[in-house]
2 protein chains.
Amino acid sequence: MDPAPLPSSHGDRDLASEARPLRSWNDGAVKQALLAFVDAVTSEGADTCVPPEHRVAIFDNDGTLWTEQPFYSQGLFVFDRIRALAAEHPEWKTQRPFQAVLEAGAGMPHGLSEHDVGALVAATHAGMTTDAFDRISREWLATARHPRFHRRYTECVYQPMLELLALLRARGFTSYIVSGGGIDFLRAFCEEVYAIPPARVVGSSSQVRFELHDGRPVLIKLPELGSIDDGPGKPVNIHLHIGKRPILTFGNSDGDLQMLQYASVSELPHLELLLHHDDAEREYAYDRVSLAGRLDEALREAGPRKWTVVSMKRDWKEVFGRHPATTSPGTSIH
Amino acid sequence: MDPAPLPSSHGDRDLASEARPLRSWNDGAVKQALLAFVDAVTSEGADTCVPPEHRVAIFDNDGTLWTEQPFYSQGLFVFDRIRALAAEHPEWKTQRPFQAVLEAGAGMPHGLSEHDVGALVAATHAGMTTDAFDRISREWLATARHPRFHRRYTECVYQPMLELLALLRARGFTSYIVSGGGIDFLRAFCEEVYAIPPARVVGSSSQVRFELHDGRPVLIKLPELGSIDDGPGKPVNIHLHIGKRPILTFGNSDGDLQMLQYASVSELPHLELLLHHDDAEREYAYDRVSLAGRLDEALREAGPRKWTVVSMKRDWKEVFGRHPATTSPGTSIH
Ligand SMILES: [Ca+2]
Ligand SMILES: [Ca+2]
């Protein structure tokens with residue numbers, strides 16, 4: 001719960017330059033649409049102006065604000081935790097699904113079912129206080145490195161998106177994260193990395209129980225699922241946590257389909273965007289077939305619903321901020 | 001979801017007068033403690049200063065911000081809705097618990113079990129879109145009158161508390177409602193009456209389902225319970241929705257016990273308060289025995305935990321703002 005130092009991914013960059021907003025975006029229709037929309041809804045006196053209290057912007061996280069390949073960062077955190085906890089659990093060596101993780105070494109375990117994933121999440125996320133989980137998450141984020149880019153995961157955030165968040169902040173928007181990731185994991189970095197405080201982070205959650213330990217209140221994370229903030233769960237949680245329709249909504253996968261549909265019927269001016277990962281050179285290229293961030297139905301609906309499709313390759317001048325050089329190009333795991 | 005006009009309870013009053021903050025509070029230890037705390041945590045450079053992003057204040061609603069006698073306003077809304085819907089449901093005349101409500105006329109139905117209340121809430125809150133429920137709630141709030149004070153329920157908010165909310169706003173706090181009331185009902189008035197937007201309103205909730213009706217996305221309120229934001233549910237929801245411990249926490253009943261306990265162990269300077277209803281002349285006098293807002297355990301724990309007990313009779317110069325005169329004094333239903 002307490003603020004802890006975390007490497008900042010934006011502090012050293014000139015994100016909010018009003019003279020050159022979105023400078024890591026290439027000139028073109030998409031950048032033009034973004035700037036025109038922000039101008040339209042923030043120009044006082046214009047018919048299209050939206051009062052600040054309704055300037056709600058919503059961002060998916062995995063694959064929209066940071067990279068989600070070769071797999072969701074939180075999934076890689078789970079695998080790392082299983083390996084770290086294995087010494088205390090000798091039985092895991094021969095017990096599914098732990099065995100699959102341990103036998104994969106530093107690689108990706110194969111053949112995990114949805115039920116397996118639930119068991120791995122429960123073994124690594126439950127049975128501890130929310131404070132303890134926060135510490136464990138922050139330690140991992142401070143030390144773990146992305147397998148291809150060899151930098152912290154919090155340094156695998158997209159520079160053009162940080163610039164968009166900064167532009168919206170400067171123009172009176174209130175931005176929220178609405179992610180399929182775990183809410184407690186997200187909160188371990190979203191304030192420092194995106195300048196989005198915990199109260200504006202919505203994610204999946206397990207159930208939590210209040211307990212007094214020697215008179216001291218604690219919150220215990222339980223293995224039972226609370227809410228899955230994905231697909232139809234996103235508009236449901238937008239209503240529960242935010243209570244207003246967004247006017248700018250940014251996603252990248254079919255998990256964002258219902259959230260984008262929900263945003264599309266706002267009576268206020270609104271803009272919906274989908275990031276298309278088509279850049280195997282600088283990041284990854286994937287859509288209909290991918291372990292993480294499958295994009296199929298939402299891409300087909302983008303045309304009829306008038307959603308703006310952002311091409312990473314075409315629309316972004318740079319993908320990541322200035323960090324240690326990347327290694328050779330790679331593709332996603334299919 | 002869209003802003004609708006609602007009678008403002010604060011627009012016409014000089015709430016935020018920095019020259020005379022908390023002017024409806026009597027001089028004394030409680031007012032002094034409030035002002036000293038706000039000064040301490042907002043004085044830049046002082047050891048006790050708390051950065052704005054941690055100036056989180058949390059308010060219970062029923063009995064803390066507005067009156068909860070003779071019964072919770074939302075309960076009275078439920079009874080009114082049952083009466084309004086009775087013509088469409090002739091079977092209710094002989095069906096428990098609806099019969100009890102209809103036979104009570106404009107009075108309080110007797111002998112309702114917790115299960116009965118659940119059935120009444122489901123019959124009046126579920127099976128419609130969130131937008132439809134919002135309209136129904138706003139209509140009721142605009143027209144219904146408090147049985148004793150003969151004014152809208154939104155005019156039965158406490159003037160001293162509006163002044164405290166205004167003071168905190170002026171001093172860089174972010175205030176939240178954390179109420180046992182239904183989140184969708186609360187949001188129908190909290191922004192207009194307290195200047196607290198939907199995203200900062202936490203309450204009890206039913207489950208909600210996303211549906212497409214002829215391609216148009218809607219959220220349907222379901223009869224199944226989501227979260228009970230009362231007792232131990234309050235700190236759980238504070239964690240889920242806000243993600244930080246409050247530094248100022250204000251409640252009035254045993255339903256706030258765990259929230260106050262949770263706040264009490266903050267590592268930052270913090271203040272917890274309990275409003276004690278001891279003013280039958282101007283409002284109501286009740287604590288250990290009451291249909292609404294029972295206060296027993298929390299009052300006993302106030303001493304050892306160093307919570308500030310606010311006496312309505314002693315500490316408040318006025319209770320309500322200037323509105324049509326009240327009728328004769330009354331007491332609560334026991
Ligand atoms: Ca995503
Ligand atoms: Ca209360």
# chains A, B, ... in the order shown; residues from 1 in each chain; ligands from 1

call {"tool": "interface_residues", "arguments": {"of": "chain A", "to": "chain B", "cutoff": "8 Å", "atoms": "only C-alpha atoms", "output": "PyMOL selection string"}}
result
chain A and resi 1+183+187+198-200+202+208-210+216-219+232-233+235-236+240-245+258+261-262+265

call {"tool": "residues_around", "arguments": {"residues": "segment 288-290 of chain B", "least_positions_apart": "4", "cutoff": "12 Å", "atoms": "only C-alpha atoms", "output": "VMD selection string"}}
result
chain B and resid 63 68 to 72 252 to 254 276 to 278 284 294 to 300 331 to 334

call {"tool": "residues_near_ligand", "arguments": {"ligand": "ligand 1", "cutoff": "7 Å", "atoms": "only C-alpha atoms and all ligand atoms", "output": "short mmCIF file (atom, residue, chain, number, x, y, z; two decimals) with N, CA and C atoms, in the first residue's frame"}}
result
data_model
loop_
_atom_site.label_atom_id
_atom_site.label_comp_id
_atom_site.auth_asym_id
_atom_site.auth_seq_id
_atom_site.Cartn_x
_atom_site.Cartn_y
_atom_site.Cartn_z
N ASP A 60 -6.77 -0.38 -22.16
CA ASP A 60 -6.32 -1.72 -21.86
C ASP A 60 -4.81 -1.63 -21.55
N ASN A 61 -4.26 -2.64 -20.89
CA ASN A 61 -2.82 -2.58 -20.58
C ASN A 61 -1.98 -3.52 -21.45
N ASP A 62 -2.17 -4.83 -21.30
CA ASP A 62 -1.32 -5.80 -22.03
C ASP A 62 -1.49 -5.63 -23.53
N GLY A 63 -0.43 -5.31 -24.24
CA GLY A 63 -0.50 -5.16 -25.68
C GLY A 63 -1.03 -3.81 -26.13
N THR A 64 -1.47 -2.99 -25.18
CA THR A 64 -1.92 -1.64 -25.52
C THR A 64 -0.95 -0.61 -24.93
N GLY A 251 -7.84 -0.27 -27.04
CA GLY A 251 -7.57 -1.67 -26.75
C GLY A 251 -6.75 -2.30 -27.86
N ASN A 252 -6.55 -3.61 -27.78
CA ASN A 252 -5.76 -4.27 -28.84
C ASN A 252 -6.21 -5.70 -29.14
N SER A 253 -7.26 -6.19 -28.48
CA SER A 253 -7.58 -7.60 -28.69
C SER A 253 -9.07 -7.85 -28.56
N GLY A 255 -10.46 -9.31 -26.29
CA GLY A 255 -10.84 -9.06 -24.89
C GLY A 255 -11.37 -7.64 -24.68
N GLY A 293 -3.32 -11.97 -26.43
CA GLY A 293 -3.81 -10.82 -27.20
C GLY A 293 -4.36 -11.17 -28.56
#

call {"tool": "select_by_dssp", "arguments": {"residues": "segment 246-290 of chain B", "states": "helix (DSSP H, G or I)", "output": "list in words"}}
result
Asp254, Gly255, Asp256, Leu257, Gln258, Met259, Leu260, Gln261, Tyr262, Ala263 and Ser264 of chain B

call {"tool": "residues_around", "arguments": {"residues": "segment 35-43 of chain A", "least_positions_apart": "2", "cutoff": "8 Å", "atoms": "only C-alpha atoms", "output": "short mmCIF file (atom, residue, chain, number, x, y, z; two decimals) with N, CA, C and O atoms, in the first residue's frame"}}
result
data_model
loop_
_atom_site.label_atom_id
_atom_site.label_comp_id
_atom_site.auth_asym_id
_atom_site.auth_seq_id
_atom_site.Cartn_x
_atom_site.Cartn_y
_atom_site.Cartn_z
N LYS A 31 -2.67 9.78 -36.35
CA LYS A 31 -2.22 10.88 -35.49
C LYS A 31 -3.15 12.07 -35.65
O LYS A 31 -3.54 12.72 -34.67
N GLN A 32 -3.54 12.33 -36.91
CA GLN A 32 -4.45 13.43 -37.19
C GLN A 32 -5.79 13.24 -36.48
O GLN A 32 -6.34 14.17 -35.89
N ALA A 33 -6.31 12.00 -36.51
CA ALA A 33 -7.61 11.71 -35.87
C ALA A 33 -7.52 11.92 -34.36
O ALA A 33 -8.44 12.48 -33.74
N GLY A 45 -16.49 26.27 -25.84
CA GLY A 45 -17.39 27.00 -26.69
C GLY A 45 -17.80 26.22 -27.92
O GLY A 45 -18.84 26.48 -28.51
N ALA A 46 -16.96 25.24 -28.34
CA ALA A 46 -17.32 24.44 -29.52
C ALA A 46 -18.49 23.51 -29.19
O ALA A 46 -18.64 23.07 -28.06
N THR A 48 -18.70 20.56 -29.95
CA THR A 48 -18.14 19.24 -29.64
C THR A 48 -17.46 19.19 -28.29
O THR A 48 -16.97 18.14 -27.88
N CYS A 49 -17.42 20.33 -27.58
CA CYS A 49 -16.69 20.35 -26.31
C CYS A 49 -17.39 19.45 -25.28
O CYS A 49 -18.60 19.45 -25.16
N VAL A 50 -16.58 18.69 -24.56
CA VAL A 50 -17.08 17.80 -23.51
C VAL A 50 -16.58 18.32 -22.17
O VAL A 50 -15.39 18.57 -22.02
N PRO A 51 -17.47 18.51 -21.19
CA PRO A 51 -17.01 19.02 -19.89
C PRO A 51 -15.96 18.08 -19.28
O PRO A 51 -16.03 16.86 -19.48
N LEU A 168 -3.48 13.64 -22.86
CA LEU A 168 -4.83 13.63 -22.28
C LEU A 168 -4.83 14.27 -20.89
O LEU A 168 -5.74 15.01 -20.53
N ARG A 171 -4.88 17.87 -21.10
CA ARG A 171 -6.11 18.42 -21.65
C ARG A 171 -7.34 18.09 -20.80
O ARG A 171 -8.47 18.12 -21.29
N GLY A 172 -7.11 17.77 -19.54
CA GLY A 172 -8.23 17.64 -18.61
C GLY A 172 -8.96 16.31 -18.65
O GLY A 172 -10.05 16.18 -18.09
N PRO A 269 -19.28 13.05 -28.07
CA PRO A 269 -18.28 12.71 -29.08
C PRO A 269 -17.35 11.64 -28.50
O PRO A 269 -17.02 11.69 -27.30
N HIS A 270 -16.96 10.68 -29.28
CA HIS A 270 -16.14 9.58 -28.73
C HIS A 270 -15.24 9.00 -29.81
O HIS A 270 -15.52 9.12 -31.01
N LEU A 271 -14.16 8.37 -29.37
CA LEU A 271 -13.17 7.78 -30.28
C LEU A 271 -12.73 6.45 -29.71
O LEU A 271 -12.37 6.35 -28.54
#

call {"tool": "closest_residue", "arguments": {"among": "B:Tyr153, B:Phe189, B:Tyr176, B:Phe59", "to": "ligand 2", "atoms": "only C-alpha atoms and all ligand atoms"}}
result
B:Phe59

call {"tool": "residues_around", "arguments": {"residues": "segment 309-323 of chain B", "least_positions_apart": "3", "cutoff": "10 Å", "atoms": "only C-alpha atoms", "output": "VMD selection string"}}
result
chain B and resid 9 to 10 12 to 13 22 to 31 66 to 67 149 to 152 155 to 162 250 to 252 272 to 285 299 302 to 303 306 326

call {"tool": "atom_distance", "arguments": {"atom1": "atom CA of Gln74 of chain B", "atom2": "atom CA of His89 of chain B"}}
result
21.3 Å

call {"tool": "closest_residue", "arguments": {"among": "B:Ala106, B:Ile58, B:Cys190, B:Ala292", "to": "ligand 2", "atoms": "only C-alpha atoms and all ligand atoms"}}
result
B:Ala292

call {"tool": "select_by_dssp", "arguments": {"residues": "segment 84-246 of chain B", "states": "strand (DSSP E or B)", "output": "VMD selection string"}}
result
chain B and resid 128 to 129 157 to 158 174 to 182 201 to 213 216 to 227

call {"tool": "write_last_selection", "arguments": {"atoms": "N, CA, C and O atoms", "output": "short mmCIF file (atom, residue, chain, number, x, y, z; two decimals), in the first residue's frame"}}
result
data_model
loop_
_atom_site.label_atom_id
_atom_site.label_comp_id
_atom_site.auth_asym_id
_atom_site.auth_seq_id
_atom_site.Cartn_x
_atom_site.Cartn_y
_atom_site.Cartn_z
N MET B 128 -33.65 -4.80 -15.26
CA MET B 128 -33.71 -3.59 -16.10
C MET B 128 -32.28 -3.15 -16.39
O MET B 128 -31.34 -3.61 -15.76
N THR B 129 -32.15 -2.23 -17.34
CA THR B 129 -30.80 -1.73 -17.64
C THR B 129 -30.36 -0.76 -16.53
O THR B 129 -31.18 -0.20 -15.80
N VAL B 157 -29.45 16.25 3.82
CA VAL B 157 -28.01 16.07 4.02
C VAL B 157 -27.56 17.05 5.09
O VAL B 157 -28.19 18.09 5.31
N TYR B 158 -26.49 16.70 5.77
CA TYR B 158 -26.04 17.50 6.91
C TYR B 158 -25.15 18.65 6.45
O TYR B 158 -24.08 18.43 5.86
N THR B 174 -8.90 13.94 -1.76
CA THR B 174 -9.83 13.27 -2.65
C THR B 174 -10.79 12.48 -1.77
O THR B 174 -10.36 11.59 -1.02
N SER B 175 -12.06 12.83 -1.84
CA SER B 175 -13.05 12.20 -0.97
C SER B 175 -13.84 11.13 -1.72
O SER B 175 -14.17 11.29 -2.89
N TYR B 176 -14.14 10.07 -1.00
CA TYR B 176 -14.91 8.95 -1.54
C TYR B 176 -16.10 8.68 -0.61
O TYR B 176 -16.00 8.88 0.60
N ILE B 177 -17.19 8.19 -1.20
CA ILE B 177 -18.28 7.62 -0.43
C ILE B 177 -18.05 6.13 -0.37
O ILE B 177 -17.81 5.49 -1.40
N VAL B 178 -18.14 5.53 0.81
CA VAL B 178 -18.10 4.07 0.96
C VAL B 178 -19.30 3.70 1.81
O VAL B 178 -19.27 3.80 3.04
N SER B 179 -20.38 3.29 1.13
CA SER B 179 -21.69 3.17 1.76
C SER B 179 -22.25 1.76 1.61
O SER B 179 -21.99 1.09 0.62
N GLY B 180 -23.04 1.36 2.58
CA GLY B 180 -23.78 0.11 2.45
C GLY B 180 -24.90 0.20 1.43
O GLY B 180 -25.44 -0.82 0.98
N GLY B 181 -25.26 1.40 1.03
CA GLY B 181 -26.30 1.61 0.02
C GLY B 181 -25.89 1.06 -1.34
O GLY B 181 -24.72 0.76 -1.58
N GLY B 182 -26.85 0.95 -2.23
CA GLY B 182 -26.57 0.42 -3.56
C GLY B 182 -25.80 1.43 -4.40
O GLY B 182 -26.14 2.61 -4.43
N VAL B 201 -17.61 6.76 -5.85
CA VAL B 201 -18.71 6.25 -5.03
C VAL B 201 -18.61 4.72 -4.99
O VAL B 201 -18.62 4.07 -6.03
N VAL B 202 -18.47 4.18 -3.79
CA VAL B 202 -18.38 2.73 -3.59
C VAL B 202 -19.61 2.32 -2.79
O VAL B 202 -19.95 2.97 -1.80
N GLY B 203 -20.28 1.27 -3.22
CA GLY B 203 -21.47 0.82 -2.51
C GLY B 203 -21.71 -0.65 -2.71
O GLY B 203 -20.91 -1.34 -3.34
N SER B 204 -22.81 -1.14 -2.16
CA SER B 204 -23.21 -2.52 -2.40
C SER B 204 -23.65 -2.64 -3.86
O SER B 204 -24.05 -1.66 -4.49
N SER B 205 -23.57 -3.84 -4.39
CA SER B 205 -23.93 -4.00 -5.79
C SER B 205 -24.52 -5.37 -6.05
O SER B 205 -24.22 -6.33 -5.34
N SER B 206 -25.36 -5.41 -7.06
CA SER B 206 -25.81 -6.70 -7.58
C SER B 206 -24.91 -7.05 -8.75
O SER B 206 -24.10 -6.23 -9.19
N GLN B 207 -25.05 -8.26 -9.25
CA GLN B 207 -24.32 -8.60 -10.45
C GLN B 207 -24.98 -7.93 -11.65
O GLN B 207 -26.16 -7.58 -11.62
N VAL B 208 -24.20 -7.73 -12.68
CA VAL B 208 -24.64 -7.00 -13.87
C VAL B 208 -24.18 -7.80 -15.08
O VAL B 208 -23.09 -8.37 -15.06
N ARG B 209 -25.02 -7.88 -16.10
CA ARG B 209 -24.65 -8.65 -17.30
C ARG B 209 -24.63 -7.74 -18.52
O ARG B 209 -25.55 -6.95 -18.74
N PHE B 210 -23.59 -7.90 -19.33
CA PHE B 210 -23.49 -7.17 -20.59
C PHE B 210 -24.31 -7.90 -21.64
O PHE B 210 -24.21 -9.10 -21.80
N GLU B 211 -25.15 -7.16 -22.38
CA GLU B 211 -25.93 -7.76 -23.46
C GLU B 211 -25.96 -6.81 -24.65
O GLU B 211 -25.86 -5.59 -24.49
N LEU B 212 -26.11 -7.40 -25.83
CA LEU B 212 -26.35 -6.59 -27.01
C LEU B 212 -27.83 -6.71 -27.36
O LEU B 212 -28.33 -7.81 -27.59
N HIS B 213 -28.54 -5.60 -27.38
CA HIS B 213 -29.94 -5.57 -27.81
C HIS B 213 -29.99 -4.94 -29.19
O HIS B 213 -29.77 -3.73 -29.32
N ARG B 216 -27.01 -3.04 -29.86
CA ARG B 216 -26.73 -1.93 -28.93
C ARG B 216 -26.39 -2.48 -27.56
O ARG B 216 -27.19 -3.21 -26.95
N PRO B 217 -25.20 -2.16 -27.03
CA PRO B 217 -24.79 -2.72 -25.74
C PRO B 217 -25.56 -2.10 -24.57
O PRO B 217 -25.77 -0.89 -24.53
N VAL B 218 -26.02 -2.95 -23.69
CA VAL B 218 -26.66 -2.49 -22.45
C VAL B 218 -26.14 -3.33 -21.29
O VAL B 218 -25.61 -4.42 -21.49
N LEU B 219 -26.29 -2.80 -20.09
CA LEU B 219 -25.94 -3.53 -18.87
C LEU B 219 -27.23 -3.82 -18.13
O LEU B 219 -28.00 -2.90 -17.82
N ILE B 220 -27.46 -5.11 -17.84
CA ILE B 220 -28.69 -5.52 -17.17
C ILE B 220 -28.40 -5.80 -15.70
O ILE B 220 -27.49 -6.57 -15.37
N LYS B 221 -29.17 -5.20 -14.83
CA LYS B 221 -29.02 -5.45 -13.39
C LYS B 221 -29.70 -6.79 -13.07
O LYS B 221 -30.86 -7.01 -13.39
N LEU B 222 -28.96 -7.67 -12.41
CA LEU B 222 -29.45 -9.02 -12.10
C LEU B 222 -29.85 -9.11 -10.62
O LEU B 222 -29.38 -8.32 -9.79
N PRO B 223 -30.71 -10.07 -10.28
CA PRO B 223 -31.09 -10.21 -8.87
C PRO B 223 -29.96 -10.76 -7.99
O PRO B 223 -30.00 -10.58 -6.77
N GLU B 224 -28.96 -11.40 -8.58
CA GLU B 224 -27.90 -12.00 -7.77
C GLU B 224 -27.02 -10.91 -7.14
O GLU B 224 -26.60 -9.97 -7.81
N LEU B 225 -26.72 -11.12 -5.89
CA LEU B 225 -25.90 -10.18 -5.14
C LEU B 225 -24.46 -10.16 -5.68
O LEU B 225 -23.90 -11.19 -6.03
N GLY B 226 -23.88 -8.97 -5.73
CA GLY B 226 -22.47 -8.84 -6.08
C GLY B 226 -21.65 -8.70 -4.81
O GLY B 226 -21.01 -9.63 -4.36
N SER B 227 -21.72 -7.54 -4.20
CA SER B 227 -20.91 -7.25 -3.03
C SER B 227 -21.74 -6.49 -2.00
O SER B 227 -22.48 -5.58 -2.35
#

call {"tool": "atom_distance", "arguments": {"atom1": "atom CA of Asp134 of chain B", "atom2": "atom CA of Asp116 of chain B"}}
result
23.4 Å
